[in-house]
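*Asks:* Okay, so here is final-v3.cif, and as you'll see once you scroll down, it has mmCIF, C-alpha atoms and all ligand atoms.
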```cif
data_coords
#
loop_
_atom_site.label_atom_id
_atom_site.label_comp_id
_atom_site.auth_asym_id
_atom_site.auth_seq_id
_atom_site.Cartn_x
_atom_site.Cartn_y
_atom_site.Cartn_z
CA LYS X 1 61.25 221.93 226.98
CA GLN X 2 63.35 223.42 229.70
CA ASN X 3 67.03 223.01 230.33
CA ASP X 4 68.13 219.48 229.82
CA GLN X 5 71.16 219.87 232.01
CA PRO X 6 71.59 221.38 235.42
CA ARG X 7 73.65 224.53 235.35
CA PRO X 8 75.29 226.55 238.00
CA ALA X 9 73.14 229.51 238.92
CA GLY X 10 74.50 232.74 240.27
CA ARG X 11 74.87 236.45 239.88
CA THR X 12 75.92 237.59 236.51
CA SER X 13 79.44 238.27 235.48
CA VAL X 14 80.21 239.49 232.02
CA GLY X 15 80.91 236.68 229.60
CA VAL X 16 79.43 233.95 231.75
CA SER X 17 75.83 233.01 231.35
CA PHE X 18 74.09 232.33 234.62
CA ALA X 19 70.41 231.79 234.94
CA ALA X 20 69.06 232.84 238.28
CA SER X 21 65.86 232.47 240.18
CA LEU X 22 64.06 235.68 241.04
CA THR X 23 61.61 235.75 243.93
CA PHE X 24 59.12 238.34 245.14
CA GLU X 25 58.15 237.82 248.77
CA GLY X 26 55.13 239.68 250.06
CA VAL X 27 55.84 242.65 247.81
CA HIS X 28 53.66 245.70 248.37
CA GLN X 29 53.82 248.96 246.53
CA ARG X 30 51.96 252.05 247.53
CA PHE X 31 51.80 255.31 245.60
CA GLY X 32 50.26 258.02 247.75
CA SER X 33 47.12 256.44 249.15
CA LYS X 34 46.87 253.85 246.40
CA ASP X 35 47.98 250.24 246.86
CA VAL X 36 49.35 249.27 243.49
CA LEU X 37 50.76 245.89 244.57
CA CYS X 38 49.22 244.01 247.46
CA GLY X 39 51.49 241.27 248.77
CA ILE X 40 52.90 239.54 245.71
CA ASP X 41 54.53 236.15 246.29
CA LEU X 42 55.99 234.90 243.05
CA SER X 43 59.09 233.20 241.66
CA ALA X 44 60.73 232.91 238.27
CA GLU X 45 62.78 229.72 238.17
CA PRO X 46 66.21 229.44 236.51
CA GLY X 47 65.96 229.19 232.76
CA GLN X 48 62.20 229.67 232.76
CA ILE X 49 60.10 232.29 231.08
CA LEU X 50 57.54 233.77 233.44
CA CYS X 51 54.83 235.93 231.91
CA LEU X 52 53.15 238.64 233.94
CA LEU X 53 49.69 238.88 232.45
CA GLY X 54 46.92 241.28 233.31
CA PRO X 55 44.92 244.26 232.14
CA SER X 56 46.36 247.74 232.02
CA GLY X 57 46.92 249.13 235.51
CA SER X 58 47.16 245.73 237.20
CA GLY X 59 50.72 246.38 238.40
CA LYS X 60 52.80 244.36 235.92
CA THR X 61 55.24 247.12 235.02
CA THR X 62 55.60 248.16 238.64
CA LEU X 63 56.60 244.60 239.53
CA LEU X 64 59.16 244.59 236.72
CA ARG X 65 60.57 247.95 237.82
CA ILE X 66 60.94 246.65 241.35
CA ALA X 67 62.80 243.60 240.00
CA ALA X 68 65.09 245.87 238.03
CA GLY X 69 65.72 248.17 240.97
CA ILE X 70 64.31 251.24 239.21
CA GLU X 71 61.74 251.37 241.96
CA ARG X 72 61.80 250.25 245.55
CA GLN X 73 58.84 248.41 247.06
CA SER X 74 57.19 249.77 250.18
CA ARG X 75 57.14 246.34 251.85
CA GLY X 76 58.38 242.80 251.18
CA ARG X 77 61.57 241.42 249.72
CA LEU X 78 63.11 240.72 246.36
CA LEU X 79 65.65 237.89 246.07
CA LEU X 80 67.95 236.88 243.25
CA ASN X 81 69.13 233.33 243.73
CA GLY X 82 68.21 233.55 247.36
CA GLU X 83 70.25 236.70 247.86
CA VAL X 84 68.32 239.74 249.05
CA MET X 85 68.32 242.52 246.46
CA ALA X 86 65.73 244.73 248.10
CA SER X 87 64.14 244.72 251.52
CA GLU X 88 63.56 247.21 254.28
CA SER X 89 67.28 247.24 255.08
CA VAL X 90 68.92 246.26 251.80
CA PHE X 91 68.86 247.87 248.38
CA VAL X 92 71.19 246.63 245.68
CA PRO X 93 71.28 249.23 242.88
CA PRO X 94 70.19 248.18 239.37
CA GLU X 95 73.71 248.09 237.94
CA HIS X 96 74.77 245.50 240.52
CA ARG X 97 71.86 243.13 240.10
CA GLY X 98 72.85 241.53 236.84
CA VAL X 99 69.42 241.89 235.33
CA GLY X 100 68.83 242.94 231.74
CA LEU X 101 66.03 245.21 230.70
CA MET X 102 64.14 245.51 227.48
CA PHE X 103 61.28 247.95 227.19
CA GLN X 104 58.66 248.35 224.49
CA ASP X 105 60.39 251.35 223.06
CA TYR X 106 63.64 249.76 221.93
CA ALA X 107 65.50 253.02 222.35
CA LEU X 108 68.40 252.29 220.04
CA PHE X 109 70.73 255.25 219.63
CA PRO X 110 70.12 256.47 216.06
CA HIS X 111 73.62 257.93 215.64
CA MET X 112 75.43 254.75 216.69
CA THR X 113 76.12 251.66 214.63
CA LEU X 114 74.42 248.44 215.69
CA LEU X 115 77.69 247.19 217.13
CA LYS X 116 78.08 250.34 219.22
CA ASN X 117 74.48 250.16 220.33
CA VAL X 118 74.96 246.62 221.59
CA ALA X 119 78.37 247.30 223.11
CA PHE X 120 77.13 250.43 224.89
CA GLY X 121 76.11 248.74 228.12
CA LEU X 122 79.17 246.51 228.36
CA THR X 123 80.99 248.53 230.93
CA GLY X 124 83.91 246.87 232.60
CA LEU X 125 85.18 245.34 229.38
CA SER X 126 88.01 246.66 227.25
CA SER X 127 86.69 248.17 224.03
CA SER X 128 87.93 245.27 221.93
CA ALA X 129 86.37 242.71 224.29
CA ALA X 130 83.12 244.72 224.23
CA ARG X 131 83.18 244.72 220.42
CA THR X 132 83.71 240.96 220.33
CA ALA X 133 80.90 240.37 222.84
CA ALA X 134 78.59 242.70 220.90
CA ALA X 135 79.39 240.98 217.60
CA SER X 136 78.63 237.61 219.13
CA ALA X 137 75.35 238.93 220.58
CA LEU X 138 74.38 240.22 217.12
CA GLU X 139 75.23 236.84 215.68
CA ARG X 140 72.99 235.16 218.25
CA VAL X 141 70.01 237.15 217.02
CA GLY X 142 70.77 236.43 213.38
CA LEU X 143 72.35 239.77 212.50
CA SER X 144 75.96 238.80 212.05
CA GLY X 145 77.92 241.01 209.72
CA ARG X 146 75.46 243.90 210.16
CA GLY X 147 77.33 245.60 213.00
CA ASP X 148 78.37 248.60 210.89
CA GLN X 149 74.82 249.48 209.91
CA TYR X 150 72.65 252.10 211.61
CA PRO X 151 69.23 251.52 213.21
CA HIS X 152 67.33 253.42 210.48
CA MET X 153 68.56 250.89 207.92
CA LEU X 154 66.71 248.11 209.73
CA SER X 155 63.12 246.91 209.75
CA GLY X 156 61.11 247.09 212.97
CA GLY X 157 61.66 243.39 213.57
CA GLU X 158 65.40 243.71 213.07
CA GLN X 159 65.54 246.65 215.45
CA GLN X 160 63.73 244.54 218.01
CA ARG X 161 66.40 241.87 217.59
CA VAL X 162 69.17 244.43 218.09
CA ALA X 163 67.47 245.48 221.31
CA LEU X 164 67.36 241.84 222.34
CA ALA X 165 71.05 241.46 221.50
CA ARG X 166 71.82 244.52 223.60
CA ALA X 167 69.85 243.14 226.54
CA LEU X 168 71.52 239.73 226.27
CA ALA X 169 75.08 240.89 225.59
CA PRO X 170 76.05 241.37 229.26
CA ARG X 171 74.70 237.85 229.90
CA PRO X 172 72.16 238.93 232.49
CA SER X 173 71.04 236.37 235.04
CA VAL X 174 67.47 237.51 234.48
CA LEU X 175 66.06 239.31 231.47
CA LEU X 176 63.10 241.61 232.13
CA MET X 177 60.93 242.46 229.13
CA ASP X 178 58.07 244.95 229.19
CA GLU X 179 55.62 244.38 226.34
CA PRO X 180 58.54 243.61 224.02
CA PHE X 181 56.39 243.09 220.93
CA SER X 182 53.81 245.82 221.30
CA GLY X 183 55.49 248.11 218.77
CA LEU X 184 55.35 245.53 216.00
CA ASP X 185 52.53 245.09 213.50
CA SER X 186 50.59 241.87 213.86
CA ARG X 187 52.09 240.32 210.75
CA LEU X 188 55.62 240.66 212.13
CA LYS X 189 54.73 239.90 215.71
CA ASP X 190 54.38 236.15 215.30
CA THR X 191 57.74 235.71 213.62
CA ILE X 192 59.60 237.95 216.04
CA ARG X 193 57.98 236.29 219.00
CA THR X 194 59.01 232.86 217.79
CA ASP X 195 62.55 234.11 217.09
CA THR X 196 62.78 235.71 220.52
CA LEU X 197 61.56 232.56 222.21
CA GLN X 198 64.21 230.55 220.43
CA ILE X 199 66.94 233.03 221.34
CA LEU X 200 65.85 233.00 224.99
CA ARG X 201 65.88 229.20 225.01
CA GLU X 202 69.31 229.05 223.41
CA SER X 203 70.67 231.60 225.87
CA ARG X 204 69.01 229.67 228.67
CA ALA X 205 68.09 232.93 230.26
CA THR X 206 65.55 233.36 233.01
CA ALA X 207 63.06 235.86 231.67
CA ILE X 208 60.09 237.79 232.96
CA VAL X 209 57.86 239.05 230.18
CA VAL X 210 55.07 241.57 230.77
CA THR X 211 52.08 241.34 228.49
CA HIS X 212 48.36 242.12 228.47
CA ASP X 213 47.80 239.56 225.74
CA ALA X 214 46.68 236.11 226.94
CA GLU X 215 47.67 234.49 223.67
CA GLU X 216 51.18 235.90 223.92
CA ALA X 217 51.49 234.66 227.50
CA MET X 218 50.29 231.20 226.44
CA ARG X 219 52.88 231.08 223.67
CA MET X 220 55.82 232.40 225.58
CA GLY X 221 55.41 231.54 229.22
CA ASP X 222 56.58 228.38 230.92
CA ARG X 223 54.46 229.85 233.66
CA ILE X 224 51.96 232.67 233.74
CA ALA X 225 51.14 234.92 236.67
CA LEU X 226 47.76 236.57 236.22
CA LEU X 227 47.38 239.92 237.97
CA ARG X 228 44.44 242.17 238.67
CA ASP X 229 44.45 245.39 240.68
CA GLY X 230 47.83 244.58 242.22
CA ARG X 231 46.88 241.10 243.30
CA LEU X 232 48.00 237.76 242.02
CA ILE X 233 44.87 235.96 240.83
CA GLN X 234 46.41 232.73 239.58
CA THR X 235 49.80 231.24 238.74
CA GLY X 236 50.40 228.19 236.61
CA THR X 237 51.19 226.92 233.17
CA GLY X 238 49.18 228.36 230.29
CA ARG X 239 47.31 225.09 230.06
CA GLU X 240 46.37 225.20 233.74
CA LEU X 241 45.10 228.74 233.51
CA TYR X 242 43.21 228.00 230.33
CA ARG X 243 41.62 224.79 231.58
CA ASP X 244 41.10 225.57 235.24
CA PRO X 245 40.66 229.29 235.73
CA VAL X 246 40.14 230.07 239.42
CA ASN X 247 37.39 232.62 238.83
CA LEU X 248 35.36 234.45 236.23
CA PHE X 249 38.02 237.09 235.73
CA ALA X 250 40.61 234.43 234.87
CA ALA X 251 38.13 232.60 232.67
CA GLY X 252 37.29 235.84 230.87
CA PHE X 253 40.90 236.55 230.16
CA PHE X 254 41.34 233.33 228.26
CA SER X 255 37.86 233.08 226.78
CA GLU X 256 38.80 234.59 223.43
CA LEU X 257 41.47 231.97 222.79
CA ASN X 258 40.76 228.73 221.06
P1 LIG E 1 50.43 247.72 234.21
O1 LIG E 1 51.85 247.55 233.83
O2 LIG E 1 49.77 246.42 234.59
O3 LIG E 1 49.63 248.48 233.20
P2 LIG E 1 51.44 249.58 236.16
O4 LIG E 1 52.34 248.82 237.02
O5 LIG E 1 52.01 250.43 235.10
O6 LIG E 1 50.36 248.58 235.55
O7 LIG E 1 50.52 250.52 237.06
C1 LIG E 1 49.77 250.03 238.15
C2 LIG E 1 49.08 251.20 238.81
O8 LIG E 1 50.05 252.00 239.47
C3 LIG E 1 48.35 252.11 237.87
O9 LIG E 1 47.13 252.49 238.48
C4 LIG E 1 49.28 253.30 237.74
O10 LIG E 1 48.56 254.46 237.48
C5 LIG E 1 49.95 253.34 239.10
N1 LIG E 1 51.30 253.91 239.08
C6 LIG E 1 52.37 253.39 238.44
N2 LIG E 1 53.48 254.12 238.66
C7 LIG E 1 53.10 255.15 239.46
C8 LIG E 1 53.78 256.26 240.08
N3 LIG E 1 55.09 256.45 239.90
N4 LIG E 1 53.04 257.10 240.84
C9 LIG E 1 51.72 256.89 241.03
N5 LIG E 1 51.03 255.86 240.51
C10 LIG E 1 51.69 255.01 239.74
#
```
Render the structure in this file as structure tokens.
*Replies:*
Amino acid sequence: KQNDQPRPAGRTSVGVSFAASLTFEGVHQRFGSKDVLCGIDLSAEPGQILCLLGPSGSGKTTLLRIAAGIERQSRGRLLLNGEVMASESVFVPPEHRGVGLMFQDYALFPHMTLLKNVAFGLTGLSSSAARTAAASALERVGLSGRGDQYPHMLSGGEQQRVALARALAPRPSVLLMDEPFSGLDSRLKDTIRTDTLQILRESRATAIVVTHDAEEAMRMGDRIALLRDGRLIQTGTGRELYRDPVNLFAAGFFSELN
């Protein structure tokens, strides 16, 4: 189900799709006197979808923000393809990491056409090259020919796909998604999730997806990392976590699935 061919992996450059590995090594995060992450060792492999699963407050978003470079960890290292992005002595700013971000609030600009929304982040390209790249990203999410429309003309699911196109357009080496489906009603969610999964597979992107929903993690993740109170409880495939939970907490998380 993963990539059938080996691909070169590397930092992103616009127009070239590279899937990277992303590794957290002993990552701690402390806010005031509170330890929010306590020594996280975790890797997302090239072309894989890693789901960060856990209850609210377990540290999922903080881990994603550290990966993006929006936040800096208090200890430990973050590596992209073996290259240090953040450590005690190194801090590569977000715009130089080649990671794409998609948050639950899609935050499309209402006054811009879809094409402009998608092209917005494509800095470093001429405007005609950015338009071409944006049009091709819209095509990838099944919205070709809709570039001149405005966000309000779209359904929630379509807006979500525009946000996905915008995140994928710069060909990020890793796509970071924070609860990407939480704004959708349950009827739509299934379809959009399946679509998104297919788009991620076709783009062969490495992705880290934050969710508090075990079923979603089972459906989307090649691997799942289960977190609680800033600690990694268990990592494995959905099947492994479902069949062999390491403790009652893990068992409880999956107990409502069948
Ligand atoms: P999750 O995404 O799993 O819900 P978060 O990473 O958002 O968890 O939060 C983990 C913990 O860190 C929570 O207790 C939250 O209140 C705390 N936290 C997050 N960001 C900050 C911050 N900037 N300052 C203080 N505490 C924070």
*Asks:* Using all atoms listed in the file, which residues sit within 8 Å of Ala119 in chain X once same-chain residues fewer than 4 positions away are excluded, as a ChimeraX atom specification?
*Replies:* /X:115,130-131,133-134,166,169
*Asks:* Do you know which residues are within 12 Å of ligand LIG 1 (chain E) using all atoms listed in the file? Can you write them as an mmCIF file with C-alpha atoms, keeping the file's coordinate frame?
*Replies:*
```cif
data_model
loop_
_atom_site.group_PDB
_atom_site.id
_atom_site.type_symbol
_atom_site.label_atom_id
_atom_site.label_comp_id
_atom_site.auth_asym_id
_atom_site.auth_seq_id
_atom_site.Cartn_x
_atom_site.Cartn_y
_atom_site.Cartn_z
ATOM 1 C CA HIS X 28 53.660 245.700 248.370
ATOM 2 C CA GLN X 29 53.820 248.960 246.530
ATOM 3 C CA ARG X 30 51.960 252.050 247.530
ATOM 4 C CA PHE X 31 51.800 255.310 245.600
ATOM 5 C CA GLY X 32 50.260 258.020 247.750
ATOM 6 C CA SER X 33 47.120 256.440 249.150
ATOM 7 C CA LYS X 34 46.870 253.850 246.400
ATOM 8 C CA ASP X 35 47.980 250.240 246.860
ATOM 9 C CA VAL X 36 49.350 249.270 243.490
ATOM 10 C CA LEU X 37 50.760 245.890 244.570
ATOM 11 C CA CYS X 38 49.220 244.010 247.460
ATOM 12 C CA CYS X 51 54.830 235.930 231.910
ATOM 13 C CA LEU X 52 53.150 238.640 233.940
ATOM 14 C CA LEU X 53 49.690 238.880 232.450
ATOM 15 C CA GLY X 54 46.920 241.280 233.310
ATOM 16 C CA PRO X 55 44.920 244.260 232.140
ATOM 17 C CA SER X 56 46.360 247.740 232.020
ATOM 18 C CA GLY X 57 46.920 249.130 235.510
ATOM 19 C CA SER X 58 47.160 245.730 237.200
ATOM 20 C CA GLY X 59 50.720 246.380 238.400
ATOM 21 C CA LYS X 60 52.800 244.360 235.920
ATOM 22 C CA THR X 61 55.240 247.120 235.020
ATOM 23 C CA THR X 62 55.600 248.160 238.640
ATOM 24 C CA LEU X 63 56.600 244.600 239.530
ATOM 25 C CA LEU X 64 59.160 244.590 236.720
ATOM 26 C CA ARG X 65 60.570 247.950 237.820
ATOM 27 C CA ILE X 66 60.940 246.650 241.350
ATOM 28 C CA ILE X 70 64.310 251.240 239.210
ATOM 29 C CA GLU X 71 61.740 251.370 241.960
ATOM 30 C CA ARG X 72 61.800 250.250 245.550
ATOM 31 C CA GLN X 73 58.840 248.410 247.060
ATOM 32 C CA PHE X 103 61.280 247.950 227.190
ATOM 33 C CA GLN X 104 58.660 248.350 224.490
ATOM 34 C CA MET X 177 60.930 242.460 229.130
ATOM 35 C CA ASP X 178 58.070 244.950 229.190
ATOM 36 C CA GLU X 179 55.620 244.380 226.340
ATOM 37 C CA VAL X 209 57.860 239.050 230.180
ATOM 38 C CA VAL X 210 55.070 241.570 230.770
ATOM 39 C CA THR X 211 52.080 241.340 228.490
ATOM 40 C CA HIS X 212 48.360 242.120 228.470
ATOM 41 C CA ASP X 213 47.800 239.560 225.740
ATOM 42 C CA ALA X 225 51.140 234.920 236.670
ATOM 43 C CA LEU X 226 47.760 236.570 236.220
ATOM 44 C CA LEU X 227 47.380 239.920 237.970
ATOM 45 C CA ARG X 228 44.440 242.170 238.670
ATOM 46 C CA ASP X 229 44.450 245.390 240.680
ATOM 47 C CA GLY X 230 47.830 244.580 242.220
ATOM 48 C CA ARG X 231 46.880 241.100 243.300
ATOM 49 C CA LEU X 232 48.000 237.760 242.020
#
```
*Asks:* Find the nearest atom pair between each residue of range 188-247 of chain X and range 158-164 of chain X for residues within 9 Å, count all atoms listed in the file, give distances in Å to one decimal, sort rows by chain and ascending number, and present the table as JSON lines.
*Replies:*
```
{"residue": "X:Ile192", "atom": "CA", "partner": "X:Arg161", "partner_atom": "CA", "distance": 8.0}
{"residue": "X:Asp195", "atom": "CA", "partner": "X:Arg161", "partner_atom": "CA", "distance": 8.7}
{"residue": "X:Thr196", "atom": "CA", "partner": "X:Arg161", "partner_atom": "CA", "distance": 7.7}
{"residue": "X:Ile199", "atom": "CA", "partner": "X:Leu164", "partner_atom": "CA", "distance": 8.9}
```
*Asks:* Counting only C-alpha atoms, which residues have an atom no more than 12 Å from (51.2, 222.7, 233.0) in the file's coordinates? Please list them as a list of chain:residue names.
*Replies:*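 Final list of nearby residues, as requested, is X:Lys1, X:Met218, X:Gly221, X:Asp222, X:Arg223, X:Ile224, X:Thr235, X:Gly236, X:Thr237, X:Gly238, X:Arg239, X:Glu240, X:Leu241, X:Tyr242, X:Arg243, X:Asp244.
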*Asks:* One decimal, Å: what's the distance from CA of Gly82 in chain X over to CA of Glu25 in chain X, could you say?
*Replies:*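 Separation between CA of Gly82 in chain X and CA of Glu25 in chain X: 11.0 Å.
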*Asks:* Can you measure CA of Phe181 in chain X to CA of Ile208 in chain X for me? One decimal in Å is fine.
*Replies:* 13.7 Å
*Asks:* Do you know which residues are at most 7 Å from Pro46 in chain X counting only C-alpha atoms, after dropping those on the same chain fewer than 5 positions away, and could you put them as a list in words?
*Replies:*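 The residues that qualify are Ala19, Ala20, Ser21 and Thr206 of chain X.
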*Asks:* Would it be fine to have range 38-79 of chain X, with C-alpha atoms, given as a compact mmCIF listing (two decimals), in the first residue's frame?
*Replies:*
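In the end it all went to selection_8.txt:
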```txt
# COMPACT_ATOMS: atom_id res chain seq x y z
CA CYS X 38 8.19 14.41 27.88
CA GLY X 39 10.88 12.92 25.67
CA ILE X 40 9.17 12.01 22.42
CA ASP X 41 11.08 9.67 20.10
CA LEU X 42 9.13 9.22 16.90
CA SER X 43 9.62 9.06 13.14
CA ALA X 44 7.43 9.55 10.11
CA GLU X 45 8.88 7.58 7.21
CA PRO X 46 8.98 8.85 3.61
CA GLY X 47 5.64 8.54 1.90
CA GLN X 48 3.90 7.33 5.03
CA ILE X 49 0.98 8.77 6.90
CA LEU X 50 1.62 8.96 10.62
CA CYS X 51 -1.34 9.73 12.84
CA LEU X 52 -0.85 11.41 16.20
CA LEU X 53 -3.72 10.13 18.29
CA GLY X 54 -4.66 11.05 21.81
CA PRO X 55 -7.17 12.88 23.97
CA SER X 56 -7.36 16.63 24.13
CA GLY X 57 -4.34 18.10 25.91
CA SER X 58 -2.06 15.13 25.22
CA GLY X 59 0.41 17.26 23.25
CA LYS X 60 -0.44 16.39 19.64
CA THR X 61 -0.72 19.94 18.36
CA THR X 62 2.39 21.00 20.23
CA LEU X 63 4.33 18.23 18.49
CA LEU X 64 2.99 19.37 15.12
CA ARG X 65 3.88 22.99 15.85
CA ILE X 66 7.41 21.96 16.75
CA ALA X 67 7.66 20.04 13.46
CA ALA X 68 6.46 23.11 11.58
CA GLY X 69 8.85 25.43 13.40
CA ILE X 70 6.06 27.58 14.85
CA GLU X 71 7.32 26.55 18.25
CA ARG X 72 10.72 25.54 19.49
CA GLN X 73 11.13 22.58 21.83
CA SER X 74 12.86 23.04 25.16
CA ARG X 75 15.00 19.93 24.68
CA GLY X 76 15.69 17.30 22.01
CA ARG X 77 16.08 17.47 18.26
CA LEU X 78 13.95 17.54 15.16
CA LEU X 79 15.39 16.12 11.93
```
